[in-house]
Every structure is written in C-alpha cells, then in structure tokens.
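**Q** My structure is below; once you've seen it, I'll send some questions.
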Amino acid sequence: MNRTRTATIAASVAWVLAATWLQLMRGPGLRAYDVVWAEDGGVFLNQAMRHSLWHNLVTPHAGYLQVIAKLIAQPAAALPLAWAATALAAGAALVVALISLLVWFHSGRVLRSPWARVLVTVVVPLLPQAGFEVNAAVNDLHWYLAYAAFWVLLAPPRSVAGQVGSAAVVAVAALSDPLTALVLPAAIVGIVRSPRRLLACVTPAVMLVALAVQGWVHLTRAAGYRASETVLGELPSIYGLRVLLSALTGDRLLGPLYQWAGLELVAVVGTVAALVAGLLLWRADRVARQVAAVGLVCSVAYLVVPVGLRGTGGFLERAEFSLNGSRYTIVPLLLLWVAVAALLDRLRPRTVVGGAVAVFLGVQVLSDWAAPSVRTGGPSWRASVAEARAACAAPIRPPQPVPLVAEENGRYAVPIVPGPDDVTIVVAPVPPPGEPLLFAVVAPCAEVRG
C-alpha cells in the first residue's frame with residue numbers, strides 16, 4: 001500500500017470519527033447520545049425489541065418502508081437497554097459521516113476546486129439547520145440518503161465494482177423513502193456525462209426497482225398522512241423563507257428577521273437570488289451549468305413535493321414562528337449548496353472565493369451550534385432508565401401510560417399496552433401537560449433490570 005493511499009485512508013477515518021463526534025456533541029443541554037428521539041424509540045426500538053429484522057424491514061411506518069432506521073435499531077435493541085440512546089444516536093451520526101465521505105469522493109468528478117468539494121462534504125454533518133430536530137436521529141436518515149443518492153447518480157462510477165456500491169446506496173435510499181425519486185433528474189446528467197453510459201444506467205435501474213417496491217407497499221399496506229391542508233400558493237414562499245433566507249441567516253436569526261420584515265423580505269431575497277443565479281448560470285461552463293441546474297431543480301422539488309403532501313399549515317406563521325418541520329428543509333438546503341458550489345467553483349481567485357464561502361458558512365455553524373433543539377430538554381435516557389428500574393423494583397408499580405404511536409398492526413400504528421411486568425419510558429419530545437403521550441418505549445422489567 002503506497003503512502004498516498006495510506007494517507008487517504010487515515011484522513012477518511014479521522015474525518016468520519018470527527019464528524020460523528022461533532023454531531024453527538026451538538027446543541028445545549030442534554031446531548032443526543034443521552035436522549036432518544038420520538039420515532040427512534042417509540043417506533044423502531046419498540047419494533048426491534050419485539051420482532052425479527054426481516055419482519056421489521058418489510059413493515060412500513062408513516063406510509064413507507066424505512067430500511068435504514070430498522071438496520072440501526074435492530075442491533076441497538078440487542079444491547080443493554082441503558083445503552084439504547086447512545087447506540088441509536090451514534091449509529092445515525094456515523095451514517096451521516098459516511099455519507100459525507102461518499103460525497104467527497106464523488107464530487108471530485110464534477111467539481112474542480114478543493115474548497116467546493118469541502119463545502120458539499122462538510123455541510124452534510126454540520127448543516128446549521130439540522131440541529132433543531134434532525135441531528136443524530138435515526139428516523140431522519142432517509143433525508144441524508146437522498147443526498148447520497150443524488151451524488152452517486154450525478155457522478156456515476158466507471159467501474160463495475162463502483163456501480164455495485166452505488167446501486168447499494170440508492171437501493172437503501174429508495175427503500176428508506178420513496179421521495180428519493182425526486183433526485184432521479186441527477187441520473188440524466190450522470191448518464192450523459194459518463195463515458196460508459198450503459199454501465200451508468202445500472203444504478204438508476206436498481207433505484208427504480210426499489211421505488212417500485214415502495215410503491216407496492218404504499219398501495220397495499222400504508223395509510224396516508226396529512227398534517228394540514230395544502231395551499232399551493234404558499235409553497236414558493238415556504239421555499240423562499242425556510243430554504244433561501246435560512247441559507248443566508250441560519251436558523252437562529254431566521255425567526256427574528258421574518259417576524260420583523262415578513263414575506264416582503266422573502267420576496268426581495270428570492271428575487272435577488274434568482275437574478276444572481278441566472279447571471280452565474282449564464283457565465284458558467286457546461287458542466288457547472290448542468291450540476292447547478294439539476295441541483296436547483298431537485299432542491300425545489302424536495303421542498304414542494306414533501307410539504308405539499310404533508311400540508312402547508314404552520315410554515316408561514318409570523319407571530320408564532322417555529323422551526324417545526326425543519327426536516328423538510330434538509331435536502332433542499334444541501335442541494336442548494338451543491339448549486340452554489342458548482343456556480344462558484346471556477347471563479348477566480350479561487351482562494352478568495354473559497355475563503356469567503358467558508359467564513360460565511362462557518363459563522364452560521366457557530367451561531368446555530370448551541371441553539372436549542374427539540375432534544376435540549378430531554379428527558380435523559382439514563383435517568384429515565386434508572387427511574388424505570390426503580391419502578392420495576394417497587395412492590396406496587398403505578399399504572400403505566402400507554403403511548404398512542406408505538407407499534408405496527410396491519411395498516412396502522414397502534415398503542416402498545418404495557419403488561420403487568422412492563423414499564424413505560426417516555427422519549428423526546430415530552431408532550432405538554434394534558435396532551436396524550438405519543439412516543440415511548442414499553443420494556444419488560446427483565447430488560448430494564450438487565
């Protein structure tokens with residue numbers, strides 16, 4: 001093994017470890033490794049504790065298969081229950097770090113400047129807007145897998161072995177979320193640019209097969225989900241506010257600015273962004289134009305379609321602005337940064353351009369790093385398990401609450417009713433007083449004591 005390859009492997013391992021650690025340490029209050037996120041515990045850990053991996057892999061949640069979440073939750077359930085929070089969060093953070101490494105290697109086929117490749121790589125684990133509800137959460141890994149699928153489709157490998165690896169990535173991505181289909185336009189650019197076009201068709205073909213499986217599951221077993229009505233006219237404003245403006249300000253400043261200036265500011269930012277993008281597209285070379293265009297198209301689609309299916313309610317509230325729904329902005333923001341990197345990639349002097357982008361994004365990361373998140377207030381998993389252990393040891397155990405969203409039964413999620421030797425462990429976010437309990441882990445006292 002030559003020195004270059006050894007150095008590459010060492011740098012890759014160091015980056016993956018650092019990126020994983022940074023995600024686990026993000027935010028104020030309790031860390032991600034001591035707080036189990038809602039669906040991570042209430043759905044996936046509960047299922048992993050009760051069923052086989054195969055059963056869970058083919059069991060839909062929220063209308064679709066979520067293979068990546070099941071693959072992480074199943075081994076976590078085999079560990080002592082007190083380790084569950086760390087296992088789930090570390091597993092999620094590690095997957096995101098590995099995706100960022102994949103982006104680094106694939107981006108080298110379309111981006112020339114090292115700073116541009118660093119940008120589209122580092123933004124994966126360090127995206128400022130990921131801190132509120134997505135960071136180190138198993139349930140939200142499908143968003144990052146869509147970004148990984150975008151890159152392997154955009155810059156397809158030229159070897160058979162590389163295509164096999166890329167096919168595995170898109171298969172897991174598509175089997176974790178049918179919305180991954182929204183990055184398929186990247187395959188057009190990838191196939192057109194590839195010197196081995198027939199080989200480059202393998203990965204998109206595998207992805208289509210996986211999407212067909214998701215379609216079959218949705219039609220035969222899944223129940224629909226809609227949080228509110230969809231007002232189509234609000235979708236451009238939502239993209240302008242939660243993606244364009246947020247990309248400029250970060251999440252910590254987004255609320256105060258929006259409450260101060262309203263949609264007028266969003267309209268100004270959107271107009272300026274469109275003019276600047278048009279100018280840069282006109283000056284860009286063919287490759288940069290293709291990459292930026294497909295990045296922007298997929299970015300818009302990945303906001304409009306998911307939010308359109310979910311409902312637009314709550315996103316444009318001004319007086320009571322909230323970052324709820326941040327998960328819907330993750331892929332649009334990541335793809336927007338791809339477009340920015342492509343359009344600025346060949347501008348000179350590259351050192352100045354790269355340094356300016358690094359400072360701009362770095363300030364956002366530092367500003368949002370300690371911003372409160374849904375996990376900030378816990379509950380602490382270690383403390384909750386200790387309380388559950390004490391409850392199991394008590395001669396008379398108080399009645400245990402029943403989580404309303406916990407287990408799969410045919411088309412619907414139904415509660416797990418605690419048995420006489422079960423204890424309920426509430427996970428984040430804790431519902432307000434008087435509200436029903438949605439997510440919790442129902443565990444046998446034998447597991448808790450162990």
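Simple scheme: letters A, B, ... for chains in structure tokens order, numbers from 1 for residues in each chain, numbers from 1 for ligands in the order shown.
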I'd like the contact shell of stretch 155-164 of chain A - 12 Å cut-off, only C-alpha atoms, skipping same-chain residues fewer than 3 positions apart - returned as a ChimeraX atom specification.

**A** /A:102-111,148-152,167-171,186-207,287,290-291

**Q** Once you have the residues from the selection above, write them out as a compact mmCIF listing (two decimals), in the first residue's frame, restricted to N, CA and C atoms.

**A**
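Result file is result.txt:
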```
# COMPACT_ATOMS: atom_id res chain seq x y z
N LEU A 102 -18.62 9.77 1.24
CA LEU A 102 -19.03 9.38 -0.11
C LEU A 102 -19.13 10.61 -1.02
N VAL A 103 -19.70 11.68 -0.49
CA VAL A 103 -19.85 12.91 -1.28
C VAL A 103 -18.49 13.46 -1.68
N TRP A 104 -17.54 13.41 -0.77
CA TRP A 104 -16.20 13.91 -1.09
C TRP A 104 -15.62 13.22 -2.31
N PHE A 105 -15.69 11.92 -2.35
CA PHE A 105 -15.09 11.18 -3.46
C PHE A 105 -15.88 11.35 -4.76
N HIS A 106 -17.19 11.37 -4.69
CA HIS A 106 -17.98 11.52 -5.91
C HIS A 106 -17.92 12.95 -6.46
N SER A 107 -17.84 13.94 -5.58
CA SER A 107 -17.84 15.33 -6.04
C SER A 107 -16.59 15.66 -6.86
N GLY A 108 -15.53 14.90 -6.68
CA GLY A 108 -14.31 15.15 -7.44
C GLY A 108 -14.48 14.95 -8.92
N ARG A 109 -15.56 14.30 -9.34
CA ARG A 109 -15.79 14.08 -10.78
C ARG A 109 -16.47 15.26 -11.45
N VAL A 110 -17.02 16.19 -10.66
CA VAL A 110 -17.73 17.32 -11.27
C VAL A 110 -17.26 18.67 -10.73
N LEU A 111 -16.58 18.71 -9.59
CA LEU A 111 -16.08 19.95 -9.02
C LEU A 111 -14.55 19.95 -9.05
N ALA A 148 -27.11 11.42 -0.69
CA ALA A 148 -26.12 10.45 -1.16
C ALA A 148 -26.52 9.90 -2.52
N ALA A 149 -27.81 9.58 -2.69
CA ALA A 149 -28.30 9.07 -3.97
C ALA A 149 -28.09 10.10 -5.08
N PHE A 150 -28.32 11.37 -4.77
CA PHE A 150 -28.10 12.43 -5.75
C PHE A 150 -26.67 12.38 -6.28
N TRP A 151 -25.71 12.22 -5.40
CA TRP A 151 -24.32 12.26 -5.83
C TRP A 151 -23.90 11.02 -6.61
N VAL A 152 -24.35 9.86 -6.22
CA VAL A 152 -23.94 8.66 -6.98
C VAL A 152 -24.63 8.61 -8.34
N ALA A 167 -25.20 1.17 -6.50
CA ALA A 167 -26.53 0.54 -6.54
C ALA A 167 -27.01 0.22 -5.14
N ALA A 168 -26.10 -0.21 -4.27
CA ALA A 168 -26.48 -0.49 -2.89
C ALA A 168 -26.92 0.78 -2.18
N VAL A 169 -26.22 1.89 -2.43
CA VAL A 169 -26.57 3.16 -1.80
C VAL A 169 -27.98 3.60 -2.20
N VAL A 170 -28.27 3.58 -3.52
CA VAL A 170 -29.58 4.06 -3.97
C VAL A 170 -30.69 3.09 -3.58
N ALA A 171 -30.36 1.79 -3.48
CA ALA A 171 -31.38 0.83 -3.05
C ALA A 171 -31.80 1.10 -1.61
N ALA A 186 -30.86 13.85 -11.52
CA ALA A 186 -29.39 13.83 -11.50
C ALA A 186 -28.84 12.70 -12.34
N ALA A 187 -29.61 11.61 -12.49
CA ALA A 187 -29.16 10.47 -13.30
C ALA A 187 -29.03 10.85 -14.76
N ILE A 188 -29.88 11.76 -15.22
CA ILE A 188 -29.80 12.19 -16.62
C ILE A 188 -28.45 12.84 -16.89
N VAL A 189 -28.05 13.75 -16.01
CA VAL A 189 -26.75 14.41 -16.16
C VAL A 189 -25.62 13.39 -16.04
N GLY A 190 -25.75 12.47 -15.08
CA GLY A 190 -24.71 11.48 -14.88
C GLY A 190 -24.54 10.56 -16.07
N ILE A 191 -25.62 10.12 -16.65
CA ILE A 191 -25.55 9.22 -17.80
C ILE A 191 -25.00 9.94 -19.03
N VAL A 192 -25.45 11.17 -19.26
CA VAL A 192 -24.99 11.94 -20.42
C VAL A 192 -23.49 12.20 -20.34
N ARG A 193 -22.98 12.46 -19.15
CA ARG A 193 -21.56 12.78 -18.98
C ARG A 193 -20.67 11.55 -18.89
N SER A 194 -21.23 10.39 -18.65
CA SER A 194 -20.43 9.19 -18.44
C SER A 194 -19.88 8.64 -19.76
N PRO A 195 -18.60 8.25 -19.79
CA PRO A 195 -18.06 7.61 -21.00
C PRO A 195 -18.57 6.18 -21.17
N ARG A 196 -19.13 5.60 -20.12
CA ARG A 196 -19.70 4.23 -20.18
C ARG A 196 -21.18 4.33 -19.82
N ARG A 197 -21.95 4.81 -20.77
CA ARG A 197 -23.35 5.14 -20.49
C ARG A 197 -24.19 3.93 -20.11
N LEU A 198 -23.93 2.81 -20.74
CA LEU A 198 -24.71 1.62 -20.42
C LEU A 198 -24.46 1.21 -18.97
N LEU A 199 -23.20 1.25 -18.55
CA LEU A 199 -22.87 0.90 -17.16
C LEU A 199 -23.47 1.91 -16.20
N ALA A 200 -23.51 3.17 -16.60
CA ALA A 200 -24.06 4.21 -15.74
C ALA A 200 -25.56 4.07 -15.53
N CYS A 201 -26.20 3.26 -16.36
CA CYS A 201 -27.65 3.05 -16.22
C CYS A 201 -27.99 2.03 -15.13
N VAL A 202 -26.98 1.30 -14.64
CA VAL A 202 -27.25 0.24 -13.67
C VAL A 202 -27.84 0.80 -12.37
N THR A 203 -27.19 1.82 -11.83
CA THR A 203 -27.64 2.38 -10.56
C THR A 203 -29.05 2.96 -10.65
N PRO A 204 -29.37 3.79 -11.66
CA PRO A 204 -30.76 4.27 -11.77
C PRO A 204 -31.77 3.14 -11.93
N ALA A 205 -31.39 2.07 -12.64
CA ALA A 205 -32.31 0.95 -12.81
C ALA A 205 -32.60 0.26 -11.49
N VAL A 206 -31.56 0.07 -10.68
CA VAL A 206 -31.76 -0.53 -9.35
C VAL A 206 -32.64 0.37 -8.50
N MET A 207 -32.44 1.66 -8.61
CA MET A 207 -33.24 2.60 -7.84
C MET A 207 -34.71 2.53 -8.24
N VAL A 287 -20.43 22.06 -17.68
CA VAL A 287 -20.53 21.13 -16.55
C VAL A 287 -21.12 21.83 -15.34
N GLN A 290 -24.82 22.41 -15.78
CA GLN A 290 -25.62 21.18 -15.62
C GLN A 290 -25.78 20.82 -14.14
N VAL A 291 -24.68 20.86 -13.41
CA VAL A 291 -24.72 20.48 -11.99
C VAL A 291 -25.58 21.46 -11.20
```

**Q** Would you kindly return, as JSON, numbers by chain, each protein, DNA or RNA residue with an atom no farther than 10 Å from any atom of A:Ala93, considering only C-alpha atoms and excluding same-chain residues fewer than 6 positions away?

**A** {"A": [16, 17, 19, 20, 21, 22, 23, 24, 32, 33, 87, 99, 125, 135, 136, 137, 138, 141]}

**Q** If you take only C-alpha atoms and a cut-off of 12 Å, which residues of stretch 347-395 of chain A touch stretch 322-331 of chain A, and what are their nearest atom pairs and distances in Å to one decimal, in chain and number order, as CSV?

**A**
```
residue,atom,partner,partner_atom,distance
A:Ala371,CA,A:Leu323,CA,11.4
A:Pro372,CA,A:Leu323,CA,10.7
A:Ser373,CA,A:Leu323,CA,9.3
A:Val374,CA,A:Asn324,CA,9.1
```

**Q** Using only C-alpha atoms, which protein or nucleic acid residues come within 10 Å of A:Glu39? Drop anything in the same chain fewer than 4 positions from it, and give the result as a compact mmCIF listing (two decimals) with C-alpha atoms, in the first residue's frame.

**A**
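Generated output (out-v1.txt):
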```txt
# COMPACT_ATOMS: atom_id res chain seq x y z
CA VAL A 43 -41.46 3.04 16.75
CA PHE A 44 -38.17 1.50 15.70
CA LEU A 45 -36.73 0.43 19.06
CA ASN A 46 -40.10 -0.95 20.16
CA HIS A 61 -44.10 3.35 9.05
CA ALA A 69 -33.84 3.05 10.51
CA ALA A 137 -31.83 10.93 14.63
CA VAL A 138 -32.37 7.52 13.06
CA ASN A 139 -35.83 8.49 11.85
CA ASP A 140 -34.40 11.28 9.66
CA VAL A 405 -48.00 5.74 18.42
CA ALA A 406 -45.90 2.71 19.05
CA VAL A 427 -38.79 9.71 24.99
CA ALA A 428 -38.32 13.19 23.50
CA LEU A 438 -47.30 9.77 21.55
CA PHE A 439 -43.85 8.23 21.77
CA ALA A 440 -42.39 5.99 24.47
CA VAL A 441 -40.56 2.69 24.86
```

**Q** Quick one: everything within 8 Å of A:Val36, counting only C-alpha atoms, minus sequence neighbours fewer than 5 positions away in the same chain. Send it as a count of residues only.

**A** 8

**Q** I'd like the neighbourhood of A:Val13 as an mmCIF file with C-alpha atoms, in the first residue's frame, where a residue qualifies if any of its atoms comes within 12 Å (using only C-alpha atoms), though same-chain residues fewer than 6 positions away should be ignored.

**A**
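Resulting contents of around.cif:
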```
data_model
loop_
_atom_site.group_PDB
_atom_site.id
_atom_site.type_symbol
_atom_site.label_atom_id
_atom_site.label_comp_id
_atom_site.auth_asym_id
_atom_site.auth_seq_id
_atom_site.Cartn_x
_atom_site.Cartn_y
_atom_site.Cartn_z
ATOM 1 C CA THR A 6 -2.430 5.163 3.360
ATOM 2 C CA ALA A 7 -2.807 8.900 3.900
ATOM 3 C CA ALA A 19 -17.872 14.199 12.050
ATOM 4 C CA THR A 20 -19.614 11.552 14.152
ATOM 5 C CA LEU A 94 -21.962 7.526 11.811
ATOM 6 C CA ALA A 97 -20.488 10.967 8.454
ATOM 7 C CA LEU A 98 -20.043 8.097 5.971
ATOM 8 C CA SER A 100 -20.277 12.949 3.723
ATOM 9 C CA LEU A 101 -17.205 10.855 2.879
#
```

**Q** Take atom CA of A:Gly362 and atom CA of A:Gln129 and report the distance between them in Å, one decimal.

**A** 12.7 Å

**Q** Can you list every residue in stretch 277-346 of chain A that DSSP puts in alpha helix (DSSP H), as a ChimeraX atom specification?

**A** /A:277-283,286-310,330-344

**Q** Dump N, CA and C atoms for the selected residues as a short mmCIF file (atom, residue, chain, number, x, y, z; two decimals), in the first residue's frame?

**A**
```cif
data_model
loop_
_atom_site.label_atom_id
_atom_site.label_comp_id
_atom_site.auth_asym_id
_atom_site.auth_seq_id
_atom_site.Cartn_x
_atom_site.Cartn_y
_atom_site.Cartn_z
N ALA A 277 -28.36 33.88 -9.54
CA ALA A 277 -28.25 32.53 -10.10
C ALA A 277 -28.28 32.56 -11.62
N GLY A 278 -29.18 33.39 -12.18
CA GLY A 278 -29.25 33.50 -13.64
C GLY A 278 -27.96 34.02 -14.24
N LEU A 279 -27.37 35.04 -13.60
CA LEU A 279 -26.11 35.59 -14.10
C LEU A 279 -24.99 34.56 -14.03
N LEU A 280 -24.89 33.86 -12.90
CA LEU A 280 -23.83 32.87 -12.75
C LEU A 280 -24.04 31.69 -13.69
N LEU A 281 -25.29 31.29 -13.90
CA LEU A 281 -25.56 30.21 -14.86
C LEU A 281 -25.15 30.63 -16.27
N TRP A 282 -25.39 31.88 -16.62
CA TRP A 282 -25.05 32.37 -17.96
C TRP A 282 -23.53 32.37 -18.16
N ARG A 283 -22.79 32.68 -17.10
CA ARG A 283 -21.33 32.74 -17.22
C ARG A 283 -20.65 31.39 -17.01
N ARG A 286 -20.27 24.44 -19.25
CA ARG A 286 -21.34 23.46 -19.45
C ARG A 286 -21.52 22.56 -18.23
N VAL A 287 -20.43 22.06 -17.68
CA VAL A 287 -20.53 21.13 -16.55
C VAL A 287 -21.12 21.83 -15.34
N ALA A 288 -20.61 23.01 -15.01
CA ALA A 288 -21.12 23.75 -13.85
C ALA A 288 -22.59 24.08 -14.04
N ARG A 289 -22.97 24.45 -15.27
CA ARG A 289 -24.37 24.78 -15.54
C ARG A 289 -25.27 23.57 -15.32
N GLN A 290 -24.82 22.41 -15.78
CA GLN A 290 -25.62 21.18 -15.62
C GLN A 290 -25.78 20.82 -14.14
N VAL A 291 -24.68 20.86 -13.41
CA VAL A 291 -24.72 20.48 -11.99
C VAL A 291 -25.58 21.46 -11.20
N ALA A 292 -25.39 22.75 -11.44
CA ALA A 292 -26.16 23.76 -10.71
C ALA A 292 -27.63 23.66 -11.04
N ALA A 293 -27.95 23.47 -12.32
CA ALA A 293 -29.35 23.41 -12.72
C ALA A 293 -30.06 22.22 -12.10
N VAL A 294 -29.43 21.05 -12.15
CA VAL A 294 -30.09 19.87 -11.60
C VAL A 294 -30.15 19.97 -10.08
N GLY A 295 -29.16 20.60 -9.46
CA GLY A 295 -29.20 20.80 -8.01
C GLY A 295 -30.35 21.70 -7.61
N LEU A 296 -30.55 22.79 -8.34
CA LEU A 296 -31.64 23.71 -8.03
C LEU A 296 -33.01 23.08 -8.28
N VAL A 297 -33.14 22.36 -9.38
CA VAL A 297 -34.42 21.70 -9.69
C VAL A 297 -34.78 20.70 -8.60
N CYS A 298 -33.82 19.88 -8.21
CA CYS A 298 -34.09 18.88 -7.18
C CYS A 298 -34.31 19.53 -5.82
N SER A 299 -33.62 20.64 -5.55
CA SER A 299 -33.81 21.35 -4.29
C SER A 299 -35.24 21.85 -4.16
N VAL A 300 -35.73 22.49 -5.21
CA VAL A 300 -37.11 23.00 -5.18
C VAL A 300 -38.10 21.85 -5.06
N ALA A 301 -37.88 20.80 -5.85
CA ALA A 301 -38.80 19.65 -5.83
C ALA A 301 -38.85 19.00 -4.47
N TYR A 302 -37.69 18.95 -3.77
CA TYR A 302 -37.64 18.27 -2.48
C TYR A 302 -38.26 19.09 -1.35
N LEU A 303 -38.61 20.32 -1.63
CA LEU A 303 -39.40 21.09 -0.68
C LEU A 303 -40.86 21.08 -1.07
N VAL A 304 -41.13 21.31 -2.33
CA VAL A 304 -42.51 21.45 -2.80
C VAL A 304 -43.30 20.16 -2.65
N VAL A 305 -42.72 19.03 -3.05
CA VAL A 305 -43.47 17.77 -3.03
C VAL A 305 -43.71 17.27 -1.60
N PRO A 306 -42.69 17.12 -0.75
CA PRO A 306 -42.96 16.65 0.61
C PRO A 306 -43.88 17.57 1.41
N VAL A 307 -43.66 18.88 1.33
CA VAL A 307 -44.52 19.80 2.08
C VAL A 307 -45.92 19.83 1.46
N GLY A 308 -45.99 19.71 0.14
CA GLY A 308 -47.30 19.63 -0.50
C GLY A 308 -48.09 18.42 -0.05
N LEU A 309 -47.41 17.29 0.16
CA LEU A 309 -48.08 16.09 0.64
C LEU A 309 -48.42 16.19 2.12
N ARG A 310 -47.57 16.84 2.89
CA ARG A 310 -47.79 16.99 4.34
C ARG A 310 -48.85 18.03 4.65
N ILE A 330 -33.95 19.95 4.93
CA ILE A 330 -32.58 19.43 4.93
C ILE A 330 -32.08 19.16 3.51
N VAL A 331 -32.80 18.37 2.74
CA VAL A 331 -32.36 18.06 1.37
C VAL A 331 -32.38 19.31 0.49
N PRO A 332 -33.43 20.15 0.52
CA PRO A 332 -33.38 21.38 -0.28
C PRO A 332 -32.16 22.25 0.02
N LEU A 333 -31.78 22.37 1.30
CA LEU A 333 -30.62 23.17 1.65
C LEU A 333 -29.32 22.53 1.17
N LEU A 334 -29.19 21.23 1.36
CA LEU A 334 -27.98 20.55 0.90
C LEU A 334 -27.81 20.69 -0.61
N LEU A 335 -28.90 20.55 -1.35
CA LEU A 335 -28.82 20.65 -2.81
C LEU A 335 -28.62 22.10 -3.26
N LEU A 336 -29.15 23.04 -2.49
CA LEU A 336 -28.87 24.45 -2.81
C LEU A 336 -27.38 24.73 -2.69
N TRP A 337 -26.73 24.18 -1.67
CA TRP A 337 -25.30 24.38 -1.52
C TRP A 337 -24.52 23.69 -2.64
N VAL A 338 -25.05 22.60 -3.19
CA VAL A 338 -24.43 21.99 -4.37
C VAL A 338 -24.43 22.97 -5.53
N ALA A 339 -25.57 23.62 -5.75
CA ALA A 339 -25.66 24.60 -6.83
C ALA A 339 -24.70 25.76 -6.61
N VAL A 340 -24.61 26.24 -5.37
CA VAL A 340 -23.69 27.34 -5.05
C VAL A 340 -22.26 26.92 -5.32
N ALA A 341 -21.89 25.72 -4.87
CA ALA A 341 -20.53 25.23 -5.08
C ALA A 341 -20.21 25.12 -6.57
N ALA A 342 -21.16 24.62 -7.37
CA ALA A 342 -20.92 24.45 -8.79
C ALA A 342 -20.77 25.79 -9.50
N LEU A 343 -21.59 26.77 -9.13
CA LEU A 343 -21.56 28.07 -9.81
C LEU A 343 -20.33 28.89 -9.43
N LEU A 344 -19.83 28.70 -8.23
CA LEU A 344 -18.66 29.45 -7.78
C LEU A 344 -17.36 28.67 -7.95
#
```

**Q** Set the distance at 12 Å and use only C-alpha atoms: which residues neighbour A:Trp260 once local chain neighbours fewer than 6 positions away are removed? I'd like the list as a tab-separated table (two decimals) with C-alpha atoms, in the first residue's frame.

**A**
```
chain	number	residue	atom	x	y	z
A	253	LEU	CA	-31.68	34.62	13.09
A	254	LEU	CA	-34.41	33.39	10.75
A	266	VAL	CA	-38.53	36.78	1.50
A	318	ARG	CA	-45.24	35.01	11.61
A	319	ALA	CA	-46.31	35.99	15.12
A	321	PHE	CA	-42.88	31.45	14.15
```

**Q** Give me, as a list in words, all polymer residues having an atom no more than 8 Å from A:Pro429, counting only C-alpha atoms and skipping those fewer than 2 positions away in the same chain.

**A**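 These residues fall inside the cut-off: Trp37, Ala38, Val374, Arg375, Gly378, Pro379, Val427 and Pro431 of chain A.
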
**Q** Just C-alpha atoms for this one: save the residues we selected as a tab-separated table (two decimals), in the first residue's frame.

**A**
```tsv
chain	number	residue	atom	x	y	z
A	37	TRP	CA	-35.75	10.77	19.67
A	38	ALA	CA	-39.51	10.19	19.19
A	374	VAL	CA	-36.30	19.63	20.49
A	375	ARG	CA	-33.90	17.36	22.38
A	378	GLY	CA	-34.62	15.65	27.31
A	379	PRO	CA	-35.71	13.53	29.03
A	427	VAL	CA	-38.79	9.71	24.99
A	431	PRO	CA	-45.83	16.24	25.35
```

**Q** Determine the nearest neighbour of A:Val365 from the options A:Pro444, A:Pro178, A:Pro433, A:Pro128, counting only C-alpha atoms.

**A**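 Of A:Pro444, A:Pro178, A:Pro433, A:Pro128, the one nearest A:Val365 is A:Pro128, counting only C-alpha atoms.
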
**Q** One number please: atom CA of A:Ala77 to atom CA of A:Gln47, in Å, one decimal.

**A** 9.0 Å

**Q** Pick out the closest residue to A:Val213 from this set: A:Ala284, A:Leu65, A:Leu263, A:Leu437. Count only C-alpha atoms.

**A**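 Nearest to A:Val213: A:Leu65.
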
**Q** Identify all residues of stretch 257-427 of chain A in strand (DSSP E or B) (DSSP on the backbone) and supply them as a list of chain:residue names.

**A**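 Checking each residue of stretch 257-427 of chain A, the strand (DSSP E or B) ones are A:Glu407, A:Glu408, A:Asn409, A:Tyr412, A:Ala413, A:Val414, A:Asp422, A:Val423, A:Thr424, A:Ile425, A:Val426.
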